[in-house]
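Chemist: Dropping in input-v5.cif, with mmCIF, C-alpha atoms, pLDDT in the B column; chains and numbers go by the auth columns.
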```
data_model
#
loop_
_atom_site.group_PDB
_atom_site.id
_atom_site.type_symbol
_atom_site.label_atom_id
_atom_site.label_comp_id
_atom_site.label_asym_id
_atom_site.label_seq_id
_atom_site.Cartn_x
_atom_site.Cartn_y
_atom_site.Cartn_z
_atom_site.B_iso_or_equiv
_atom_site.auth_seq_id
_atom_site.auth_asym_id
ATOM 1 C CA MET A 1 69.480 -5.805 139.476 59.00 826 D
ATOM 2 C CA PHE A 2 66.956 -3.262 140.615 58.00 827 D
ATOM 3 C CA ALA A 3 68.014 -3.707 144.293 65.00 828 D
ATOM 4 C CA GLU A 4 71.663 -3.064 143.469 67.00 829 D
ATOM 5 C CA ASP A 5 70.868 0.160 141.592 69.00 830 D
ATOM 6 C CA HIS A 6 68.680 1.385 144.415 69.00 831 D
ATOM 7 C CA SER A 7 71.362 0.757 147.034 75.00 832 D
ATOM 8 C CA ARG A 8 73.881 2.700 144.932 76.00 833 D
ATOM 9 C CA ARG A 9 71.595 5.737 144.758 78.00 834 D
ATOM 10 C CA LEU A 10 71.103 5.635 148.532 79.00 835 D
ATOM 11 C CA CYS A 11 74.870 5.566 149.042 74.00 836 D
ATOM 12 C CA VAL A 12 75.387 8.670 146.818 75.00 837 D
ATOM 13 C CA ALA A 13 72.631 10.578 148.571 76.00 838 D
ATOM 14 C CA ALA A 14 74.089 9.721 151.985 79.00 839 D
ATOM 15 C CA THR A 15 77.520 10.951 150.892 83.00 840 D
ATOM 16 C CA ILE A 16 76.142 14.284 149.648 84.00 841 D
ATOM 17 C CA ALA A 17 74.202 14.807 152.843 78.00 842 D
ATOM 18 C CA GLY A 18 77.334 14.107 154.924 79.00 843 D
ATOM 19 C CA VAL A 19 79.408 16.644 152.976 75.00 844 D
ATOM 20 C CA HIS A 20 76.800 19.338 153.499 75.00 845 D
ATOM 21 C CA ALA A 21 76.565 18.569 157.195 77.00 846 D
ATOM 22 C CA LEU A 22 80.370 18.784 157.557 78.00 847 D
ATOM 23 C CA GLY A 23 80.460 22.155 155.788 73.00 848 D
ATOM 24 C CA LEU A 24 77.713 23.542 157.994 76.00 849 D
ATOM 25 C CA TYR A 25 79.553 22.386 161.102 76.00 850 D
ATOM 26 C CA LEU A 26 82.824 23.999 160.077 73.00 851 D
ATOM 27 C CA ALA A 27 81.088 27.285 159.218 69.00 852 D
ATOM 28 C CA LEU A 28 79.364 27.425 162.608 73.00 853 D
ATOM 29 C CA THR A 29 82.507 26.461 164.539 75.00 854 D
ATOM 30 C CA PHE A 30 85.132 28.758 162.913 67.00 855 D
ATOM 31 C CA ALA A 31 82.973 31.804 161.868 64.00 856 D
ATOM 32 C CA PRO A 32 83.509 33.746 165.188 68.00 857 D
ATOM 33 C CA GLN A 33 87.278 33.228 164.990 70.00 858 D
ATOM 34 C CA ILE A 34 87.452 34.470 161.353 63.00 859 D
ATOM 35 C CA ARG A 35 85.495 37.654 162.215 69.00 860 D
ATOM 36 C CA LEU A 36 87.773 38.332 165.220 68.00 861 D
ATOM 37 C CA ALA A 37 90.911 37.903 163.125 64.00 862 D
ATOM 38 C CA VAL A 38 89.610 40.278 160.460 54.00 863 D
ATOM 39 C CA ALA A 39 88.663 42.869 163.107 63.00 864 D
ATOM 40 C CA GLN A 40 92.192 42.797 164.660 66.00 865 D
ATOM 41 C CA VAL A 41 93.977 43.574 161.326 58.00 866 D
ATOM 42 C CA PRO A 42 95.007 47.303 161.454 61.00 867 D
ATOM 43 C CA LEU A 43 93.929 49.540 158.574 58.00 868 D
ATOM 44 C CA THR A 44 96.586 51.888 157.187 61.00 869 D
ATOM 45 C CA ALA A 45 95.664 54.992 155.110 59.00 870 D
ATOM 46 C CA THR A 46 98.321 56.721 153.050 60.00 871 D
ATOM 47 C CA PHE A 47 97.815 60.287 151.813 58.00 872 D
ATOM 48 C CA VAL A 48 99.379 61.067 148.464 59.00 873 D
ATOM 49 C CA SER A 49 100.608 64.649 148.220 62.00 874 D
ATOM 50 C CA GLN A 50 99.914 66.661 145.061 64.00 875 D
ATOM 51 C CA PRO A 51 102.896 67.084 142.744 62.00 876 D
ATOM 52 C CA GLU A 52 104.559 70.464 142.797 68.00 877 D
ATOM 53 C CA PRO A 53 103.798 72.572 139.685 66.00 878 D
ATOM 54 C CA THR A 54 106.636 72.687 137.246 67.00 879 D
ATOM 55 C CA GLN A 55 108.018 76.115 136.455 69.00 880 D
ATOM 56 C CA ARG A 56 107.368 77.236 132.886 71.00 881 D
ATOM 57 C CA ARG A 57 110.413 78.170 130.909 71.00 882 D
ATOM 58 C CA GLU A 58 110.231 81.452 129.027 72.00 883 D
ATOM 59 C CA LEU A 59 111.041 81.239 125.349 68.00 884 D
ATOM 60 C CA PRO A 60 113.900 83.433 124.137 67.00 885 D
ATOM 61 C CA GLN A 61 112.883 86.478 122.105 71.00 886 D
ATOM 62 C CA VAL A 62 113.606 86.260 118.381 65.00 887 D
ATOM 63 C CA ALA A 63 114.483 89.422 116.481 68.00 888 D
ATOM 64 C CA VAL A 64 112.667 89.837 113.131 65.00 889 D
ATOM 65 C CA VAL A 65 114.978 90.967 110.375 63.00 890 D
ATOM 66 C CA THR A 66 113.398 92.654 107.321 68.00 891 D
ATOM 67 C CA PRO A 67 115.388 92.003 104.148 62.00 892 D
ATOM 68 C CA GLN A 68 116.468 95.192 102.391 65.00 893 D
ATOM 69 C CA PRO A 69 116.117 95.369 98.560 61.00 894 D
ATOM 70 C CA ILE A 70 119.218 95.702 96.494 57.00 895 D
ATOM 71 C CA LEU A 71 119.239 99.229 95.126 61.00 896 D
ATOM 72 C CA GLN A 72 122.319 98.869 92.985 64.00 897 D
ATOM 73 C CA MET A 73 122.474 96.420 90.138 64.00 898 D
ATOM 74 C CA PRO A 74 125.513 94.179 90.119 63.00 899 D
ATOM 75 C CA ASP A 75 128.140 94.946 87.534 69.00 900 D
ATOM 76 C CA LEU A 76 127.791 92.692 84.515 66.00 901 D
ATOM 77 C CA PRO A 77 130.901 91.447 82.813 65.00 902 D
ATOM 78 C CA GLN A 78 131.714 93.304 79.622 68.00 903 D
ATOM 79 C CA ILE A 79 131.850 91.177 76.496 65.00 904 D
ATOM 80 C CA ASP A 80 133.961 92.377 73.617 66.00 905 D
ATOM 81 C CA ILE A 81 132.416 91.617 70.232 60.00 906 D
ATOM 82 C CA PRO A 82 134.895 91.844 67.360 61.00 907 D
ATOM 83 C CA THR A 83 133.597 94.131 64.624 61.00 908 D
ATOM 84 C CA ASP A 84 136.199 93.341 62.004 62.00 909 D
ATOM 85 C CA ALA A 85 135.616 89.599 62.005 59.00 910 D
ATOM 86 C CA PRO A 86 135.008 88.128 58.533 62.00 911 D
ATOM 87 C CA PRO A 87 131.431 87.038 57.767 58.00 912 D
ATOM 88 C CA SER A 88 130.637 83.432 58.433 55.00 913 D
ATOM 89 C CA THR A 89 130.193 81.110 55.458 57.00 914 D
ATOM 90 C CA ARG A 90 126.945 79.879 57.068 56.00 915 D
ATOM 91 C CA ALA A 91 125.419 83.325 57.258 50.00 916 D
ATOM 92 C CA ILE A 92 122.194 83.971 55.343 50.00 917 D
ATOM 93 C CA THR A 93 121.823 87.262 53.488 54.00 918 D
ATOM 94 C CA ILE A 94 118.304 88.638 53.196 51.00 919 D
ATOM 95 C CA PRO A 95 117.798 91.276 50.489 57.00 920 D
ATOM 96 C CA VAL A 96 116.434 94.541 51.838 55.00 921 D
ATOM 97 C CA GLN A 97 113.240 95.571 50.074 63.00 922 D
ATOM 98 C CA ALA A 98 112.586 99.209 49.379 63.00 923 D
ATOM 99 C CA PRO A 99 109.673 100.666 51.350 62.00 924 D
ATOM 100 C CA PRO A 100 106.464 101.189 49.374 63.00 925 D
ATOM 101 C CA PRO A 101 105.788 104.712 48.158 62.00 926 D
ATOM 102 C CA PRO A 102 103.648 106.842 50.454 60.00 927 D
ATOM 103 C CA ALA A 103 99.929 106.726 49.765 56.00 928 D
ATOM 104 C CA THR A 104 99.367 110.410 50.449 52.00 929 D
ATOM 105 C CA GLN A 105 99.003 111.206 46.757 53.00 930 D
ATOM 106 C CA ALA A 106 96.322 108.542 46.267 50.00 931 D
ATOM 107 C CA ALA A 107 94.515 109.750 49.363 49.00 932 D
ATOM 108 C CA ASP A 108 94.588 113.337 48.060 63.00 933 D
ATOM 109 C CA ARG A 109 93.091 112.182 44.763 66.00 934 D
ATOM 110 C CA SER A 110 90.203 110.446 46.545 73.00 935 D
ATOM 111 C CA THR A 111 89.415 113.501 48.652 87.00 936 D
ATOM 112 C CA PRO A 112 87.186 116.035 46.826 90.00 937 D
ATOM 113 C CA LYS A 113 88.900 119.316 46.135 89.00 938 D
ATOM 114 C CA LEU A 114 86.991 122.433 47.027 91.00 939 D
ATOM 115 C CA VAL A 115 86.502 124.613 43.934 91.00 940 D
ATOM 116 C CA SER A 116 84.803 127.958 43.528 88.00 941 D
ATOM 117 C CA THR A 117 83.298 127.507 40.056 86.00 942 D
ATOM 118 C CA VAL A 118 81.950 124.621 38.025 85.00 943 D
ATOM 119 C CA GLU A 119 81.038 124.242 34.339 89.00 944 D
ATOM 120 C CA TYR A 120 77.605 122.971 33.424 91.00 945 D
ATOM 121 C CA VAL A 121 76.697 120.678 30.571 92.00 946 D
ATOM 122 C CA ARG A 122 73.059 121.032 31.607 92.00 947 D
ATOM 123 C CA GLU A 123 72.261 123.754 34.099 92.00 948 D
ATOM 124 C CA PRO A 124 69.861 123.055 36.992 93.00 949 D
ATOM 125 C CA SER A 125 66.322 124.308 36.383 92.00 950 D
ATOM 126 C CA PRO A 126 64.463 124.442 39.725 94.00 951 D
ATOM 127 C CA ARG A 127 60.692 123.940 39.732 94.00 952 D
ATOM 128 C CA TYR A 128 58.760 126.149 42.062 95.00 953 D
ATOM 129 C CA PRO A 129 56.472 123.938 44.169 95.00 954 D
ATOM 130 C CA PRO A 130 52.792 124.963 43.671 95.00 955 D
ATOM 131 C CA GLN A 131 52.090 124.735 47.391 95.00 956 D
ATOM 132 C CA SER A 132 54.991 127.090 48.080 94.00 957 D
ATOM 133 C CA ARG A 133 53.605 129.578 45.539 94.00 958 D
ATOM 134 C CA ARG A 134 50.185 129.571 47.216 95.00 959 D
ATOM 135 C CA LEU A 135 51.801 130.025 50.634 95.00 960 D
ATOM 136 C CA ARG A 136 54.126 132.731 49.295 95.00 961 D
ATOM 137 C CA GLU A 137 57.243 130.772 50.348 95.00 962 D
ATOM 138 C CA GLN A 138 60.563 132.001 48.950 95.00 963 D
ATOM 139 C CA GLY A 139 64.230 131.975 49.901 95.00 964 D
ATOM 140 C CA LEU A 140 67.825 130.981 49.005 96.00 965 D
ATOM 141 C CA VAL A 141 69.106 127.418 49.242 96.00 966 D
ATOM 142 C CA VAL A 142 72.871 126.727 49.214 96.00 967 D
ATOM 143 C CA LEU A 143 73.773 123.117 48.385 95.00 968 D
ATOM 144 C CA ARG A 144 77.065 121.368 49.081 95.00 969 D
ATOM 145 C CA VAL A 145 77.615 119.167 46.002 95.00 970 D
ATOM 146 C CA VAL A 146 80.329 116.573 45.301 95.00 971 D
ATOM 147 C CA ILE A 147 80.926 116.054 41.552 94.00 972 D
ATOM 148 C CA ASP A 148 82.631 112.782 40.622 93.00 973 D
ATOM 149 C CA GLU A 149 85.051 112.023 37.782 92.00 974 D
ATOM 150 C CA GLN A 150 82.138 111.420 35.343 92.00 975 D
ATOM 151 C CA GLY A 151 80.600 114.851 36.009 89.00 976 D
ATOM 152 C CA GLU A 152 77.642 113.593 38.062 91.00 977 D
ATOM 153 C CA ALA A 153 76.492 114.840 41.471 91.00 978 D
ATOM 154 C CA SER A 154 77.374 111.928 43.753 90.00 979 D
ATOM 155 C CA SER A 155 76.503 113.725 46.987 92.00 980 D
ATOM 156 C CA ILE A 156 74.141 116.639 47.671 94.00 981 D
ATOM 157 C CA GLU A 157 73.789 118.185 51.135 95.00 982 D
ATOM 158 C CA ILE A 158 72.095 121.345 52.319 95.00 983 D
ATOM 159 C CA GLU A 159 74.693 123.920 53.383 95.00 984 D
ATOM 160 C CA THR A 160 72.141 126.694 54.052 95.00 985 D
ATOM 161 C CA SER A 161 68.398 126.096 54.184 95.00 986 D
ATOM 162 C CA SER A 162 65.786 128.455 52.812 94.00 987 D
ATOM 163 C CA GLY A 163 63.641 127.865 55.840 95.00 988 D
ATOM 164 C CA HIS A 164 61.105 125.859 53.842 95.00 989 D
ATOM 165 C CA ALA A 165 61.435 122.099 53.359 95.00 990 D
ATOM 166 C CA ARG A 166 59.566 122.134 50.012 96.00 991 D
ATOM 167 C CA LEU A 167 61.990 124.664 48.538 96.00 992 D
ATOM 168 C CA ASP A 168 65.032 122.725 49.856 96.00 993 D
ATOM 169 C CA ASP A 169 63.775 119.516 48.238 96.00 994 D
ATOM 170 C CA ALA A 170 63.058 121.291 44.931 96.00 995 D
ATOM 171 C CA ALA A 171 66.607 122.720 44.857 95.00 996 D
ATOM 172 C CA ARG A 172 68.114 119.293 45.532 95.00 997 D
ATOM 173 C CA ASP A 173 66.056 117.711 42.735 95.00 998 D
ATOM 174 C CA ALA A 174 67.167 120.436 40.290 95.00 999 D
ATOM 175 C CA VAL A 175 70.885 119.870 40.982 94.00 1000 D
ATOM 176 C CA LEU A 176 70.391 116.102 40.774 93.00 1001 D
ATOM 177 C CA ARG A 177 68.964 116.476 37.218 93.00 1002 D
ATOM 178 C CA ALA A 178 71.823 118.747 36.104 93.00 1003 D
ATOM 179 C CA ALA A 179 75.009 117.615 34.326 92.00 1004 D
ATOM 180 C CA PHE A 180 78.509 118.950 34.979 94.00 1005 D
ATOM 181 C CA ARG A 181 81.884 118.920 33.304 93.00 1006 D
ATOM 182 C CA PRO A 182 84.389 116.903 35.399 93.00 1007 D
ATOM 183 C CA TYR A 183 86.974 118.920 37.241 92.00 1008 D
ATOM 184 C CA VAL A 184 90.404 118.312 35.638 92.00 1009 D
ATOM 185 C CA GLU A 185 93.721 118.680 37.457 91.00 1010 D
ATOM 186 C CA ASP A 186 97.102 117.857 35.878 90.00 1011 D
ATOM 187 C CA GLY A 187 95.284 116.491 32.869 90.00 1012 D
ATOM 188 C CA GLU A 188 93.242 113.978 34.937 92.00 1013 D
ATOM 189 C CA PRO A 189 89.634 114.280 36.143 92.00 1014 D
ATOM 190 C CA ARG A 190 89.112 114.171 39.888 92.00 1015 D
ATOM 191 C CA ARG A 191 86.353 114.693 42.384 93.00 1016 D
ATOM 192 C CA ALA A 192 85.423 118.254 43.250 93.00 1017 D
ATOM 193 C CA LEU A 193 83.365 119.952 45.934 95.00 1018 D
ATOM 194 C CA VAL A 194 81.377 123.064 45.060 94.00 1019 D
ATOM 195 C CA LEU A 195 78.695 125.207 46.721 95.00 1020 D
ATOM 196 C CA ILE A 196 75.713 125.844 44.416 94.00 1021 D
ATOM 197 C CA PRO A 197 73.089 128.505 45.303 95.00 1022 D
ATOM 198 C CA ILE A 198 69.476 128.069 44.175 94.00 1023 D
ATOM 199 C CA GLU A 199 67.133 131.032 44.730 94.00 1024 D
ATOM 200 C CA PHE A 200 63.342 130.878 44.817 95.00 1025 D
ATOM 201 C CA ALA A 201 61.665 134.274 44.309 93.00 1026 D
ATOM 202 C CA LEU A 202 58.006 134.944 43.509 89.00 1027 D
ATOM 203 C CA ASN A 203 58.821 138.017 41.410 82.00 1028 D
ATOM 204 C CA ARG A 204 60.892 135.928 39.020 67.00 1029 D
ATOM 205 C CA GLY A 205 59.664 133.606 36.356 53.00 1030 D
ATOM 206 C CA SER A 206 60.597 130.243 37.864 54.00 1031 D
ATOM 207 C CA ALA A 207 59.362 127.039 36.291 55.00 1032 D
#
```
Could you write out this structure as C-alpha cells?
Modeler:
Amino acid sequence: MFAEDHSRRLCVAATIAGVHALGLYLALTFAPQIRLAVAQVPLTATFVSQPEPTQRRELPQVAVVTPQPILQMPDLPQIDIPTDAPPSTRAITIPVQAPPPPATQAADRSTPKLVSTVEYVREPSPRYPPQSRRLREQGLVVLRVVIDEQGEASSIEIETSSGHARLDDAARDAVLRAAFRPYVEDGEPRRALVLIPIEFALNRGSA
C-alpha cells in the first residue's frame, strides 16, 4: 500500500518536471522569432486636427416699450333711475329725529360773567400783617374773584400785586372770609367775575 502511494507521487512529480522543461524549451527556441516579428510591425501615428471654432450668432435687438398711462377715463354707461316709481312694500321707514338743541346757552351759563360791581353780605376786612407794619410795607392789591351761585368766592387770583407777598396773602384771606350776594340774571343766579381792590396804607386805621 505504501509502495503504490509512493510510486504515484513520483509519477506526478515527473509529469510536472516534464511540463516545465517543455515550456522552457519553447521559450528559448521561439523567443528570437517573436521579437523579430514585433520589430517588423510598422507603427502608424495619426494627428487629430483641432475642431474649427464655431461662429457665435448675434442675438437680435429687442426694443423696450414703456406702457403709457391712460389719461382719459373711459365713458361709463349712464343708468336712468326712475324718480316717480312707487315705494316698495318692503321698504323700511326710519323716523327722522329732531337735532338736539344747541348747548351754547348752557355753556354761557357756566362761564362767569364779568361784572363791575358786587353786593356784599359781609364786606372783607383786611388785617394788616404786623411784620409789614414794622417794615413799612404798603400798597394796592387787585384780586380777580369768581363768585358762584351761592354767593361764595370759589376762585381768587391776584390780578395786580402790591409788591409784597404778605400784603397779597392778607388781601386774599380777607376776600375769602367775606360773603356776597349772588349775581342774578333773568331771575336766576349765575356765576360772576369781579375785580376787588384791597388797599393797605399805614396812615389809615387798618385792623
Chemist: What is the distance between CA of Phe1005 (chain D) and CA of Gln975 (chain D), in Å to one decimal?
Modeler: 8.4 Å
Chemist: So that I can see what lies close to region 947-952 of chain D, please list as a list in words the residues with an atom at most 9 Å from it, counting all atoms listed in the file and leaving out residues fewer than 3 positions away in the same chain.
Modeler: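 So, after excluding close chain neighbours, the residues are Glu944, Pro955, Leu992, Ala995, Ala996, Arg997, Asp998, Ala999, Val1000, Leu1001, Arg1002, Ala1003, Ala1004, Phe1005, Ile1023, Glu1024, Phe1025, Ser1031 and Ala1032 of chain D.
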Chemist: Hey, can you check how far CA of Glu977 (chain D) sits from CA of Ile1021 (chain D)?
Modeler: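 CA of Ile1021 (chain D) lies at a distance of 13.9 Å from CA of Glu977 (chain D).
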Chemist: Report the residues retrieved by the PyMOL selection byres ((chain D and resi 985-989) around 8) from the displayed file, expressed as a PyMOL selection string.
Modeler: chain D and resi 962-968+983-984+990-993
Chemist: Which residue out of D:Ile981, D:Val940, D:Leu849, D:Arg961 has the minimum interatomic distance to Ala1026 (chain D) when all atoms listed in the file are used?
Modeler: D:Arg961
Chemist: Step by step, gather every atom of region 954-957 of chain D that the file lists, find the box along x, y and z that holds them, add 8 Å on each side, and finally give centre and edge lengths in Å to one decimal, as AutoDock Vina command-line options.
Modeler:
```
--center_x 54.3 --center_y 125.5 --center_z 45.9 --size_x 20.4 --size_y 19.2 --size_z 20.4
```
Chemist: Which is closer to Val946 (chain D) than all the others in D:Gly976, D:Arg959, D:Val1019, D:Gly843, using all atoms listed in the file?
Modeler: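 Residue with the minimum atom-to-atom distance to Val946 (chain D): D:Gly976.
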Chemist: In terms of the shortest atom-to-atom distance over all atoms listed in the file, which of D:Val970, D:Val844, D:Leu851, D:Leu1027 is closest to Arg958 (chain D)?
Modeler: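 Checking each candidate against Arg958 (chain D), we get D:Leu1027 as the closest.
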Chemist: Could you jot down the CA of Ala978 (chain D) to CA of Gly1012 (chain D) separation for me, Å, one decimal place?
Modeler: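 Between these atoms lies a distance of 20.7 Å.
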